[in-house]
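Student: Have a peek at run13.txt (compact mmCIF, C-alpha atoms).
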# COMPACT_ATOMS: atom_id res chain seq x y z
CA MET A 1 164.99 -140.43 145.04
CA PHE A 2 164.42 -136.66 145.04
CA ALA A 3 164.81 -136.54 141.26
CA GLN A 4 162.27 -139.34 140.80
CA VAL A 5 159.69 -137.66 143.03
CA LEU A 6 160.21 -134.27 141.40
CA SER A 7 159.90 -135.67 137.87
CA VAL A 8 156.56 -137.27 138.75
CA VAL A 9 155.30 -134.18 140.61
CA VAL A 10 156.21 -131.89 137.70
CA PHE A 11 154.51 -134.22 135.23
CA LEU A 12 151.33 -134.40 137.33
CA LEU A 13 151.24 -130.63 137.90
CA VAL A 14 151.63 -129.97 134.18
CA MET A 15 148.81 -132.43 133.46
CA VAL A 16 146.61 -130.67 136.03
CA MET A 17 147.30 -127.29 134.43
CA ILE A 18 146.44 -128.71 131.02
CA VAL A 19 143.25 -130.37 132.23
CA THR A 20 142.00 -127.32 134.16
CA GLU A 21 143.11 -124.98 131.34
CA LYS A 22 144.07 -122.31 133.87
CA ILE A 23 147.36 -121.95 132.04
CA HIS A 24 147.93 -122.43 128.31
CA ARG A 25 149.30 -125.91 127.67
CA SER A 26 152.39 -124.53 125.91
CA ALA A 27 153.21 -122.33 128.91
CA ALA A 28 152.64 -125.27 131.28
CA ALA A 29 154.96 -127.51 129.27
CA VAL A 30 157.72 -124.89 129.08
CA LEU A 31 157.41 -124.19 132.83
CA GLY A 32 157.66 -127.89 133.66
CA MET A 33 160.67 -128.30 131.40
CA ALA A 34 162.40 -125.29 132.99
CA ILE A 35 161.83 -126.63 136.53
CA LEU A 36 163.39 -130.00 135.66
CA LEU A 37 166.42 -128.31 134.11
CA LEU A 38 166.77 -125.87 137.01
CA ALA A 39 166.61 -128.73 139.55
CA LYS A 40 169.15 -130.68 137.47
CA VAL A 41 166.82 -133.67 137.18
CA LEU A 42 168.32 -133.90 133.71
CA THR A 43 171.01 -131.90 131.98
CA LEU A 44 170.45 -129.78 128.90
CA ASP A 45 172.18 -132.41 126.76
CA GLU A 46 169.94 -135.13 128.20
CA ALA A 47 166.86 -132.98 127.62
CA ILE A 48 167.82 -132.50 123.99
CA GLU A 49 168.29 -136.27 123.59
CA HIS A 50 164.66 -136.83 124.61
CA ILE A 51 163.23 -134.32 122.14
CA ASP A 52 161.80 -136.16 119.14
CA PHE A 53 163.10 -133.88 116.41
CA ASN A 54 161.67 -136.18 113.75
CA THR A 55 158.14 -135.49 115.03
CA LEU A 56 158.83 -131.77 115.33
CA GLY A 57 160.30 -131.78 111.82
CA VAL A 58 157.20 -133.46 110.40
CA LEU A 59 155.00 -130.94 112.20
CA LEU A 60 156.94 -127.90 111.01
CA GLY A 61 157.48 -129.14 107.47
CA MET A 62 153.84 -130.06 106.89
CA MET A 63 152.58 -126.85 108.50
CA LEU A 64 154.70 -124.89 106.03
CA PHE A 65 153.60 -127.17 103.18
CA VAL A 66 149.90 -126.80 104.02
CA GLY A 67 150.34 -123.07 104.57
CA VAL A 68 151.35 -122.61 100.92
CA VAL A 69 148.90 -125.16 99.49
CA LYS A 70 145.87 -123.58 101.14
CA THR A 71 146.52 -120.26 99.37
CA SER A 72 145.63 -121.98 96.08
CA GLY A 73 142.03 -122.60 97.14
CA LEU A 74 142.44 -126.38 96.94
CA PHE A 75 140.88 -127.04 100.34
CA GLU A 76 137.84 -124.88 99.61
CA PHE A 77 137.42 -126.63 96.24
CA VAL A 78 137.48 -130.10 97.81
CA ALA A 79 135.26 -128.98 100.70
CA ILE A 80 132.55 -127.59 98.44
CA LYS A 81 132.75 -130.61 96.12
CA ALA A 82 132.37 -133.02 99.04
CA ALA A 83 129.51 -131.06 100.56
CA LYS A 84 127.63 -131.05 97.24
CA MET A 85 128.17 -134.79 96.74
CA THR A 86 126.55 -135.47 100.11
CA LYS A 87 123.86 -132.85 99.37
CA GLY A 88 124.86 -131.04 102.53
CA ASP A 89 123.99 -133.91 104.87
CA PRO A 90 126.19 -133.23 107.95
CA TRP A 91 126.31 -136.87 109.10
CA LYS A 92 127.39 -138.10 105.65
CA ILE A 93 130.02 -135.35 105.55
CA MET A 94 131.30 -136.42 108.98
CA VAL A 95 131.55 -140.08 107.93
CA SER A 96 133.17 -139.33 104.58
CA PHE A 97 135.80 -137.15 106.22
CA MET A 98 136.47 -139.80 108.88
CA LEU A 99 137.08 -142.40 106.16
CA ILE A 100 139.34 -140.05 104.20
CA THR A 101 141.26 -139.21 107.38
CA ALA A 102 141.68 -142.87 108.37
CA VAL A 103 142.97 -143.91 104.93
CA PHE A 104 145.36 -140.96 104.63
CA SER A 105 146.62 -141.57 108.17
CA ALA A 106 147.48 -145.14 107.28
CA MET A 107 149.39 -144.15 104.15
CA LEU A 108 150.97 -140.91 105.39
CA ASP A 109 151.06 -140.15 109.10
CA ASN A 110 148.19 -138.91 111.23
CA VAL A 111 149.63 -135.45 111.92
CA THR A 112 150.14 -134.72 108.22
CA THR A 113 146.63 -135.95 107.49
CA VAL A 114 144.84 -133.75 110.00
CA LEU A 115 146.86 -130.77 108.82
CA LEU A 116 145.40 -131.37 105.35
CA ILE A 117 141.84 -132.31 106.35
CA ALA A 118 141.11 -129.80 109.13
CA PRO A 119 141.07 -126.70 106.86
CA MET A 120 138.53 -128.42 104.58
CA THR A 121 136.36 -129.24 107.57
CA LEU A 122 136.38 -125.67 108.82
CA THR A 123 135.36 -124.46 105.37
CA ILE A 124 132.43 -126.89 105.09
CA THR A 125 131.10 -126.27 108.58
CA ARG A 126 131.34 -122.52 108.07
CA ILE A 127 129.21 -122.78 104.92
CA LEU A 128 126.68 -125.05 106.64
CA ASN A 129 126.71 -122.87 109.75
CA VAL A 130 127.31 -125.84 112.09
CA ASP A 131 129.75 -126.33 114.96
CA PRO A 132 133.02 -127.75 113.55
CA VAL A 133 134.18 -129.21 116.89
CA PRO A 134 132.34 -132.58 116.60
CA PHE A 135 133.69 -132.99 113.06
CA LEU A 136 137.25 -132.23 114.15
CA ILE A 137 137.08 -134.52 117.18
CA THR A 138 135.87 -137.45 115.06
CA GLN A 139 138.67 -136.81 112.57
CA ALA A 140 141.25 -136.94 115.36
CA LEU A 141 139.77 -140.28 116.47
CA ALA A 142 139.80 -141.59 112.89
CA SER A 143 143.40 -140.48 112.35
CA ASN A 144 144.62 -142.43 115.37
CA ILE A 145 142.62 -145.52 114.40
CA GLY A 146 143.76 -145.37 110.78
CA GLY A 147 147.38 -144.76 111.78
CA THR A 148 147.34 -148.00 113.77
CA ALA A 149 146.94 -150.05 110.59
CA THR A 150 150.37 -149.61 109.02
CA LEU A 151 154.09 -149.47 109.73
CA ILE A 152 154.30 -145.73 109.01
CA GLY A 153 150.97 -144.57 110.37
CA ASP A 154 152.10 -143.89 113.95
CA PRO A 155 155.60 -143.55 115.54
CA PRO A 156 155.20 -146.57 117.92
CA ASN A 157 154.65 -148.79 114.88
CA ILE A 158 157.85 -147.53 113.27
CA MET A 159 159.76 -148.33 116.49
CA ILE A 160 158.19 -151.77 116.86
CA GLY A 161 158.73 -152.60 113.19
CA SER A 162 162.39 -151.69 113.48
CA ALA A 163 162.94 -153.70 116.69
CA ALA A 164 161.04 -156.81 115.58
CA GLY A 165 161.91 -156.68 111.88
CA PHE A 166 158.31 -156.39 110.75
CA SER A 167 157.47 -155.20 107.24
CA PHE A 168 154.72 -152.95 105.91
CA VAL A 169 152.78 -156.07 104.92
CA ASP A 170 153.13 -157.57 108.42
CA PHE A 171 151.34 -154.55 109.87
CA LEU A 172 148.64 -154.64 107.21
CA ILE A 173 147.90 -158.28 108.02
CA ASN A 174 148.09 -158.13 111.82
CA ASN A 175 146.80 -154.59 112.45
CA GLY A 176 145.13 -153.55 109.21
CA ILE A 177 142.45 -156.24 109.19
CA PRO A 178 141.12 -155.61 112.73
CA ILE A 179 141.35 -151.84 112.22
CA VAL A 180 138.80 -152.04 109.38
CA PHE A 181 136.26 -153.54 111.78
CA ILE A 182 137.26 -151.23 114.64
CA LEU A 183 136.76 -148.15 112.45
CA ALA A 184 133.37 -149.39 111.23
CA ALA A 185 132.23 -150.07 114.81
CA THR A 186 133.49 -146.65 115.91
CA ILE A 187 131.47 -144.91 113.19
CA LEU A 188 128.34 -146.77 114.34
CA LEU A 189 128.97 -145.69 117.93
CA LEU A 190 129.51 -142.07 116.86
CA ARG A 191 126.17 -142.22 115.07
CA PHE A 192 124.53 -142.42 118.50
CA ILE A 193 126.79 -139.72 119.96
CA TYR A 194 126.62 -137.12 117.17
CA GLY A 195 124.47 -138.36 114.30
CA ARG A 196 121.06 -137.30 115.57
CA LYS A 197 122.30 -133.93 116.83
CA LEU A 198 123.62 -132.74 113.47
CA LYS A 199 121.02 -130.48 111.90
CA VAL A 200 121.24 -128.23 108.86
CA ASP A 201 118.39 -126.07 107.66
CA ASP A 202 117.16 -126.26 104.07
CA THR A 203 118.44 -122.77 103.32
CA ALA A 204 122.02 -123.86 104.04
CA ARG A 205 121.57 -126.99 101.93
CA ARG A 206 120.29 -124.96 99.00
CA HIS A 207 123.17 -122.55 99.45
CA ILE A 208 125.62 -125.47 99.26
CA MET A 209 124.07 -126.83 96.04
CA ARG A 210 124.24 -123.40 94.40
CA LEU A 211 127.94 -122.98 95.09
CA ASP A 212 130.42 -123.28 92.23
CA GLU A 213 133.53 -125.02 93.51
CA ASN A 214 135.55 -123.71 90.56
CA LYS A 215 135.13 -120.16 91.81
CA SER A 216 136.94 -121.09 95.02
CA ILE A 217 140.18 -121.63 93.11
CA LYS A 218 142.42 -118.67 93.88
CA ASP A 219 145.48 -119.79 91.93
CA ALA A 220 144.88 -122.51 89.34
CA ALA A 221 148.58 -122.98 88.56
CA LEU A 222 149.48 -123.34 92.24
CA MET A 223 146.56 -125.73 92.73
CA LYS A 224 147.89 -128.05 90.01
CA LYS A 225 151.38 -127.88 91.51
CA SER A 226 149.92 -128.60 94.95
CA ILE A 227 148.10 -131.72 93.75
CA VAL A 228 151.28 -133.04 92.14
CA MET A 229 153.25 -132.27 95.30
CA ILE A 230 150.68 -133.97 97.54
CA VAL A 231 150.96 -137.15 95.46
CA LEU A 232 154.77 -137.00 95.52
CA VAL A 233 154.88 -136.34 99.27
CA ALA A 234 152.47 -139.23 99.90
CA ALA A 235 154.70 -141.54 97.87
CA ALA A 236 157.80 -140.28 99.69
CA PHE A 237 156.23 -140.97 103.09
CA VAL A 238 155.32 -144.50 102.01
CA LEU A 239 158.83 -145.16 100.68
CA HIS A 240 160.93 -143.13 103.11
CA GLY A 241 162.05 -146.25 104.97
CA GLN A 242 163.19 -147.98 101.79
CA ILE A 243 165.14 -144.96 100.55
CA GLY A 244 166.66 -144.32 103.98
CA VAL A 245 165.22 -140.83 104.53
CA GLU A 246 163.52 -139.75 107.75
CA SER A 247 159.90 -138.61 107.51
CA SER A 248 160.90 -135.22 108.92
CA VAL A 249 163.30 -134.72 105.99
CA VAL A 250 160.46 -135.51 103.57
CA ALA A 251 158.18 -132.99 105.30
CA LEU A 252 160.79 -130.22 105.52
CA LEU A 253 161.84 -130.76 101.91
CA ALA A 254 158.18 -130.59 100.85
CA GLY A 255 157.75 -127.32 102.75
CA GLY A 256 160.89 -125.86 101.21
CA ILE A 257 159.89 -126.82 97.67
CA MET A 258 156.42 -125.33 98.14
CA PHE A 259 158.03 -122.10 99.31
CA ILE A 260 159.88 -121.89 96.00
CA ILE A 261 157.20 -123.01 93.53
CA GLY A 262 154.34 -121.40 95.47
CA LYS A 263 155.80 -117.88 95.24
CA GLN A 264 153.93 -116.80 98.38
CA ASP A 265 155.02 -114.35 101.06
CA VAL A 266 157.36 -116.50 103.15
CA GLU A 267 156.94 -114.39 106.29
CA ASP A 268 153.15 -114.74 106.14
CA ILE A 269 153.39 -118.52 105.82
CA ILE A 270 155.87 -118.77 108.71
CA TYR A 271 153.64 -116.54 110.85
CA ASP A 272 150.72 -118.95 110.34
CA VAL A 273 152.67 -121.95 111.66
CA GLU A 274 151.11 -123.42 114.82
CA TRP A 275 154.08 -122.45 116.98
CA PRO A 276 152.25 -123.05 120.30
CA THR A 277 151.75 -126.68 119.26
CA ILE A 278 155.44 -127.16 118.45
CA ILE A 279 156.48 -125.52 121.74
CA PHE A 280 154.05 -127.73 123.65
CA PHE A 281 155.54 -130.90 122.18
CA LEU A 282 159.06 -129.65 122.83
CA GLY A 283 158.31 -129.16 126.53
CA LEU A 284 156.33 -132.39 126.85
CA PHE A 285 159.16 -134.47 125.36
CA VAL A 286 161.55 -133.10 128.00
CA ILE A 287 159.08 -133.60 130.88
CA VAL A 288 158.53 -137.24 129.93
CA GLY A 289 162.29 -137.53 129.39
CA GLY A 290 162.74 -136.55 133.03
CA MET A 291 160.75 -139.60 134.11
CA VAL A 292 162.75 -141.77 131.71
CA GLU A 293 166.08 -140.50 133.08
CA THR A 294 165.05 -141.03 136.69
CA GLY A 295 163.89 -144.58 135.96
CA ILE A 296 160.18 -144.05 136.67
CA ILE A 297 158.99 -145.37 133.30
CA SER A 298 161.39 -148.33 133.49
CA LYS A 299 160.06 -149.25 136.94
CA LEU A 300 156.52 -149.03 135.64
CA ALA A 301 157.34 -151.27 132.69
CA TYR A 302 159.10 -153.88 134.86
CA LEU A 303 156.16 -153.84 137.26
CA LEU A 304 153.80 -154.60 134.38
CA ILE A 305 155.91 -157.49 133.13
CA ASN A 306 156.45 -159.02 136.59
CA ALA A 307 152.74 -158.86 137.39
CA THR A 308 151.96 -161.40 134.66
CA SER A 309 154.16 -164.18 136.14
CA GLY A 310 155.23 -165.07 132.60
CA HIS A 311 151.80 -166.23 131.37
CA PRO A 312 151.75 -165.37 127.61
CA VAL A 313 148.03 -164.54 127.24
CA ILE A 314 147.88 -162.55 130.50
CA THR A 315 151.08 -160.73 129.50
CA MET A 316 149.57 -159.89 126.12
CA LEU A 317 146.35 -158.51 127.65
CA ILE A 318 148.13 -156.53 130.35
CA LEU A 319 150.45 -154.98 127.77
CA LEU A 320 147.45 -154.10 125.60
CA TRP A 321 145.49 -152.39 128.37
CA CYS A 322 148.43 -150.73 130.10
CA SER A 323 149.66 -149.39 126.76
CA ALA A 324 146.18 -148.07 125.98
CA ILE A 325 145.58 -146.41 129.36
CA ALA A 326 149.12 -145.04 129.66
CA SER A 327 149.09 -143.71 126.08
CA SER A 328 145.90 -141.79 126.81
CA PHE A 329 147.77 -139.47 129.15
CA LEU A 330 151.44 -140.17 128.51
CA ASP A 331 153.36 -139.82 125.27
CA ASN A 332 153.41 -143.30 123.78
CA ILE A 333 156.87 -142.97 122.23
CA PRO A 334 158.97 -143.19 125.46
CA PHE A 335 156.56 -145.76 126.89
CA VAL A 336 156.94 -148.04 123.87
CA ALA A 337 160.70 -147.36 123.80
CA THR A 338 160.89 -148.73 127.36
CA LEU A 339 158.83 -151.84 126.60
CA ILE A 340 160.78 -152.84 123.48
CA PRO A 341 164.00 -153.96 125.26
CA LEU A 342 161.94 -155.82 127.86
CA VAL A 343 160.12 -157.80 125.17
CA THR A 344 163.45 -158.47 123.46
CA VAL A 345 164.88 -159.93 126.70
CA MET A 346 161.79 -162.14 127.07
CA GLU A 347 162.33 -163.40 123.54
CA GLN A 348 165.93 -164.31 124.36
CA GLY A 349 164.57 -166.30 127.28
CA GLY A 350 162.54 -168.48 124.93
CA VAL A 351 159.16 -166.70 125.25
CA ASP A 352 157.00 -166.38 122.13
CA VAL A 353 156.76 -162.59 121.96
CA TYR A 354 155.10 -162.31 118.54
CA PRO A 355 151.63 -161.56 120.02
CA LEU A 356 153.14 -159.08 122.49
CA TRP A 357 154.37 -156.79 119.72
CA TRP A 358 150.87 -156.46 118.30
CA ALA A 359 149.35 -155.94 121.75
CA ILE A 360 151.73 -153.03 122.38
CA SER A 361 151.11 -151.57 118.92
CA LEU A 362 147.31 -151.73 119.15
CA GLY A 363 147.25 -150.48 122.73
CA ALA A 364 149.67 -147.58 122.27
CA CYS A 365 148.11 -146.33 119.02
CA LEU A 366 144.43 -146.74 119.94
CA GLY A 367 145.20 -145.34 123.39
CA GLY A 368 145.97 -141.99 121.79
CA ASN A 369 142.23 -141.36 121.53
CA GLY A 370 141.84 -141.40 125.32
CA SER A 371 142.46 -137.70 125.89
CA LEU A 372 143.32 -134.45 124.16
CA ILE A 373 147.05 -134.95 124.85
CA GLY A 374 147.09 -138.65 124.02
CA ALA A 375 148.25 -138.19 120.43
CA SER A 376 149.96 -135.57 118.29
CA ALA A 377 146.99 -135.41 115.92
CA ASN A 378 144.65 -134.49 118.79
CA VAL A 379 146.81 -131.58 119.87
CA VAL A 380 147.28 -130.32 116.30
CA ILE A 381 143.54 -130.42 115.57
CA SER A 382 142.80 -128.68 118.87
CA SER A 383 145.30 -125.96 118.02
CA ILE A 384 143.88 -125.41 114.53
CA SER A 385 140.32 -125.36 115.86
CA GLY A 386 141.18 -122.90 118.63
CA LYS A 387 143.02 -120.63 116.23
CA ASN A 388 139.86 -120.42 114.13
CA GLY A 389 137.66 -119.46 117.06
CA HIS A 390 136.43 -122.92 118.10
CA PRO A 391 138.45 -124.09 121.13
CA ILE A 392 138.31 -127.79 122.02
CA THR A 393 138.65 -128.25 125.77
CA PHE A 394 140.40 -131.18 127.44
CA ALA A 395 137.12 -132.26 129.04
CA GLU A 396 135.14 -131.98 125.80
CA PHE A 397 137.54 -134.19 123.89
CA THR A 398 138.03 -136.72 126.69
CA LYS A 399 134.27 -137.09 127.21
CA VAL A 400 134.06 -138.58 123.71
CA GLY A 401 137.59 -139.89 123.24
CA PHE A 402 138.03 -141.95 126.41
CA PRO A 403 134.88 -144.09 125.92
CA ILE A 404 135.88 -144.59 122.27
CA MET A 405 139.37 -145.62 123.41
CA MET A 406 137.94 -148.15 125.86
CA PHE A 407 135.51 -149.47 123.25
CA THR A 408 138.16 -149.92 120.55
CA THR A 409 140.59 -151.50 123.00
CA VAL A 410 137.94 -154.08 123.94
CA LEU A 411 137.56 -154.89 120.24
CA ALA A 412 141.34 -155.16 119.91
CA MET A 413 141.38 -157.49 122.92
CA VAL A 414 138.77 -159.75 121.33
CA TYR A 415 140.81 -159.83 118.12
CA LEU A 416 144.04 -160.69 119.96
CA LEU A 417 142.36 -163.49 121.90
CA ILE A 418 140.89 -164.96 118.73
CA ARG A 419 144.17 -164.58 116.84
CA PHE A 420 146.69 -165.69 119.45
CA ALA A 421 145.05 -167.33 122.49
Before we go any further, please render this structure as structure tokens.

Tutor:
Amino acid sequence: MFAQVLSVVVFLLVMVMIVTEKIHRSAAAVLGMAILLLAKVLTLDEAIEHIDFNTLGVLLGMMLFVGVVKTSGLFEFVAIKAAKMTKGDPWKIMVSFMLITAVFSAMLDNVTTVLLIAPMTLTITRILNVDPVPFLITQALASNIGGTATLIGDPPNIMIGSAAGFSFVDFLINNGIPIVFILAATILLLRFIYGRKLKVDDTARRHIMRLDENKSIKDAALMKKSIVMIVLVAAAFVLHGQIGVESSVVALLAGGIMFIIGKQDVEDIIYDVEWPTIIFFLGLFVIVGGMVETGIISKLAYLLINATSGHPVITMLILLWCSAIASSFLDNIPFVATLIPLVTVMEQGGVDVYPLWWAISLGACLGGNGSLIGASANVVISSISGKNGHPITFAEFTKVGFPIMMFTTVLAMVYLLIRFA
């Protein structure tokens, strides 16, 4: 009982420290992890078991990969080209980058995508002399929405696909189709939130049109190698399940190859890695693991299932909304990991669980937009933005993200009712 109470108290205190921003989120996560280990709520071996090294591997590998690629000038080239194609219109730039982010997040993973897109965004907004924060927030939202569409776009989908035996095509049909409409509706909503506030003076527009994107290329040979590597890495992420290689191995291999062919200063690239982000995830995995070990998350999951009294449509809707709300503030990986065996048991009891899988997937993935800590992509974008002098606060992100999360979950609910009720 003491361990259960302490695990919840530590989790809540860490969340309070993150929300109030009195203590850096990485420090808060490490402190919470240390308290749980000191109080023996979980052993060191148990803590290590709850760390998602695949996620950390993807983060580290792609940070190293991007660190080398950006020295070629590729991001600046694409940024200037995109800005000129939209004639410097900030709203069109925001929409185009949201669409790019959503598509890449569906085909790669959302963390990799924001690592590639964020540097371009910072370059464009610096040239236009506009605040990059709204652009980065909308890209985080788009990455989580886009990642919902496919088997490989978000970790909960990978877990659900493995447990239920769903294919890439199954996700495209059941999640991909509604996600197209959800993304379009989200862009329309963001038009009212940001569209009318985005202003660029004519001087900045003229400056954009006079720029020569070719002059931004710092290393033409490395840029060509980078483009080839990006295509190969994208293909490897799409096929990693078929070839039996974890996504973290793909990312780390990509980073290692870029080290060799990029011929950059390795120490400089390593120094630029977003280490605070990696440390934050490390601590958060252990803190959530403490609640898993003490049975808190299992009790919550059983409570959700029992509350439906076995009614299939009610069960589906409760799973959707609880997954969405919980995933806004709680890592969706352990939450989904707890729900999977429960759904499997229901299936063995003769319940048609097919709709339940899609309710959990849509809720857990779309729920990531609910707060700054709801999804890996949010934290990574926040870290990159802060490192470049534009901090994104918990309140600032949640003020936009939570209403978007609620809005998209309503649309997902309508889809599920039409599809399965």

Student: In Å, rounded to a single decimal, give me how far atom CA of A:Ile35 is from atom CA of A:Phe2.

Tutor: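 The value is 13.4 Å.
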
Student: Atom CA of A:Val336 and atom CA of A:Thr308 are how many Å apart?

Tutor: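 That distance, rounded to one decimal, is 17.9 Å.
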
Student: Between atom CA of A:Asn369 and atom CA of A:Trp321, measure the distance and give it in Å to one decimal.

Tutor: 13.4 Å

Student: Between A:Ser216, A:Asn175, A:Thr125, A:Thr409, which residue has the minimum interatomic distance to A:Asn388, considering all atoms listed in the file?

Tutor: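 Nearest candidate to A:Asn388 out of A:Ser216, A:Asn175, A:Thr125, A:Thr409: A:Thr125.
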
Student: Under the rule that all atoms listed in the file are counted, which of A:Leu12, A:Pro134, A:Ile287, A:Val78 is the nearest residue to A:His390?

Tutor: A:Pro134

Student: Give me, as a PyMOL selection string, all polymer residues having an atom no more than 12 Å from A:Val58, counting only C-alpha atoms and skipping those fewer than 5 positions away in the same chain.

Tutor: chain A and resi 52-53+63-66+108-113+115+155+233+237+246-255+278+376-377+380

Student: Which residue, A:Leu320, A:Glu293, A:Ala149, A:Ala79, has the smallest gap to A:Val410 when you use all atoms listed in the file?

Tutor: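 Closest candidate: A:Leu320.
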
Student: Return the single residue from A:Ser162, A:Thr71, A:Asn129, A:Asn306 that is closest to A:Leu222, with distances computed using all atoms listed in the file.

Tutor: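 Checking each candidate against A:Leu222, we get A:Thr71 as the closest.
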
Student: Tell me, as number ranges by chain, which residues lie within 9 Å of A:Phe171, counting all atoms listed in the file; anything in the same chain fewer than 6 positions away does not count.

Tutor: A: 148-151, 157, 161, 358

Student: Using only C-alpha atoms, which residue out of A:Met405, A:Leu198, A:Ile145, A:Ala204 lies closest to A:Val133?

Tutor: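 Checking each candidate against A:Val133, we get A:Leu198 as the closest.
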
Student: Rank A:Val353, A:Leu37, A:Ile392, A:Ile187 by their smallest atom-to-atom distance to A:Val95, using only C-alpha atoms, and report the top residue only.

Tutor: A:Ile187

Student: Every residue with an atom at most 8 Å from (152.3, -125.5, 114.6) (file coordinates; only C-alpha atoms) is what I'm after, so could you write them as a PyMOL selection string?

Tutor: chain A and resi 59-60+63+272-278+380+383

Student: How close does stretch 186-261 of chain A get to stretch 83-88 of chain A? List, as CSV, each residue of stretch 186-261 of chain A within 9 Å, its nearest atom pair and the distance in Å to one decimal, counting all atoms listed in the file.

Tutor:
residue,atom,partner,partner_atom,distance
A:Val200,CA,A:Gly88,CA,7.8
A:Ala204,CA,A:Gly88,CA,7.9
A:Arg205,CA,A:Gly88,CA,5.3
A:Arg206,CA,A:Gly88,CA,8.4
A:Ile208,CA,A:Lys84,CA,6.3
A:Met209,CA,A:Lys84,CA,5.6
A:Arg210,CA,A:Lys84,CA,8.8
A:Leu211,CA,A:Lys84,CA,8.4

Student: So which residues fall inside 9 Å of (155.9, -141.7, 123.9) if we count only C-alpha atoms? Mind giving them as a PyMOL selection string?

Tutor: chain A and resi 155-156+285+288+327+330-337+364

Student: I'd like the neighbourhood of A:Asp131 as a PDB file with C-alpha atoms, keeping the file's coordinate frame, where a residue qualifies if any of its atoms comes within 12 Å (using all atoms listed in the file), though same-chain residues fewer than 4 positions away should be ignored.

Tutor:
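See part_23.pdb below for the written result:
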ATOM      1  CA  PRO A  90     126.190-133.230 107.950  1.00  0.00           C
ATOM      2  CA  MET A  94     131.300-136.420 108.980  1.00  0.00           C
ATOM      3  CA  THR A 121     136.360-129.240 107.570  1.00  0.00           C
ATOM      4  CA  LEU A 122     136.380-125.670 108.820  1.00  0.00           C
ATOM      5  CA  THR A 123     135.360-124.460 105.370  1.00  0.00           C
ATOM      6  CA  ILE A 124     132.430-126.890 105.090  1.00  0.00           C
ATOM      7  CA  THR A 125     131.100-126.270 108.580  1.00  0.00           C
ATOM      8  CA  ARG A 126     131.340-122.520 108.070  1.00  0.00           C
ATOM      9  CA  ILE A 127     129.210-122.780 104.920  1.00  0.00           C
ATOM     10  CA  PHE A 135     133.690-132.990 113.060  1.00  0.00           C
ATOM     11  CA  LEU A 136     137.250-132.230 114.150  1.00  0.00           C
ATOM     12  CA  ILE A 137     137.080-134.520 117.180  1.00  0.00           C
ATOM     13  CA  TYR A 194     126.620-137.120 117.170  1.00  0.00           C
ATOM     14  CA  LYS A 197     122.300-133.930 116.830  1.00  0.00           C
ATOM     15  CA  LEU A 198     123.620-132.740 113.470  1.00  0.00           C
ATOM     16  CA  LYS A 199     121.020-130.480 111.900  1.00  0.00           C
ATOM     17  CA  VAL A 200     121.240-128.230 108.860  1.00  0.00           C
ATOM     18  CA  SER A 385     140.320-125.360 115.860  1.00  0.00           C
ATOM     19  CA  ASN A 388     139.860-120.420 114.130  1.00  0.00           C
ATOM     20  CA  GLY A 389     137.660-119.460 117.060  1.00  0.00           C
ATOM     21  CA  HIS A 390     136.430-122.920 118.100  1.00  0.00           C
ATOM     22  CA  PRO A 391     138.450-124.090 121.130  1.00  0.00           C
ATOM     23  CA  ILE A 392     138.310-127.790 122.020  1.00  0.00           C
TER      24      ILE A 392
END

Student: Quick one: everything within 10 Å of A:Gly32, counting all atoms listed in the file, minus sequence neighbours fewer than 2 positions away in the same chain. Send it as a ChimeraX atom specification.

Tutor: /A:7,9-15,26-30,34-38,283-284,286-287

Student: Would you mind listing what lies within 7 Å of A:Ile217 as a list in words, with all atoms listed in the file counted and same-chain residues fewer than 3 positions away left out?

Tutor: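 The residues satisfying every condition are Ser72, Gly73, Leu74, Phe77, Asn214 and Ala220 of chain A.
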